[in-house]
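Here the structure comes first, spelled out in structure tokens, and everything after it is commentary.
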Amino acid sequence: MEMQTLQKDMIAAMKAKDKVRKDAISSLVSAVKKVAIDEGCRDDIKPELVARVILKELKSVKEQVDTCPADRTDLKEEYQARYDIISEYAPKLLSAEEVKAILTERFAGVLATKNKGQIMKAVMAELKGKADGKVINQVVAELCK
């Protein structure tokens with residue numbers, strides 16, 4: 001995902017007077033800019049950084065949806081709308097089957113040790129941002145049995 005794409009979509013949402021969409025995309029843009037400044041690459045924002053920030057924002061909005069009180073339907077709908085909009089921009093993550101295939105193919109040597117800590121350390125470096133950490137953890141736990 002390119003930063004320019006997010007900015008163009010935010011401008012389009014502003015022109016369409018779609019406040020919910022504009023707010024969701026605006027929060028993504030500002031989060032990406034903040035991380036870029038923190039990492040010292042404000043002028044050259046890489047698509048990997050954008051994808052990483054989008055996944056982080058998606059996770060935090062998902063948490064908001066899950067922890068929202070049931071009697072606050074207005075808030076829950078707002079959070080769900082933000083989640084839906086942000087998920088449009090999120091990179092597609094690998095499924096459990098795809099993660100298992102990659103692990104058995106590329107990390108067979110590390111898997112043989114049955115040391116979950118070593119396996120996670122080796123695997124997370126490669127799969128970070130491509131698959132959900134919980135999915136990777138579940139697959140590794142299953143393969144260590």
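Residues in the structure tokens are named by chain (A, B, ... in the order shown) and by number from 1 within that chain; ligands are numbered from 1 in the order shown.
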
Can you build me a table of range 71-98 of chain A residues sitting at most 9 Å from range 25-48 of chain A, with the closest atom pair per residue and its distance in Å to one decimal, using only C-alpha atoms, sorted by chain and residue number, as a tab-separated table?
residue	atom	partner	partner_atom	distance
A:Arg82	CA	A:Ile25	CA	8.7
A:Ile85	CA	A:Ile25	CA	7.7
A:Ile86	CA	A:Ile25	CA	7.2

Picked from chain A by DSSP as alpha helix (DSSP H), as a ChimeraX atom specification: /A:3-15,19-38,47-67,73-89,96-106,108-111,116-127,133-144

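Remark: for Lys62 in chain A, the closest of the candidate residues A:Leu103, A:Ala13, A:Ala81, A:Leu127 is A:Ala81 (distances computed over only C-alpha atoms).
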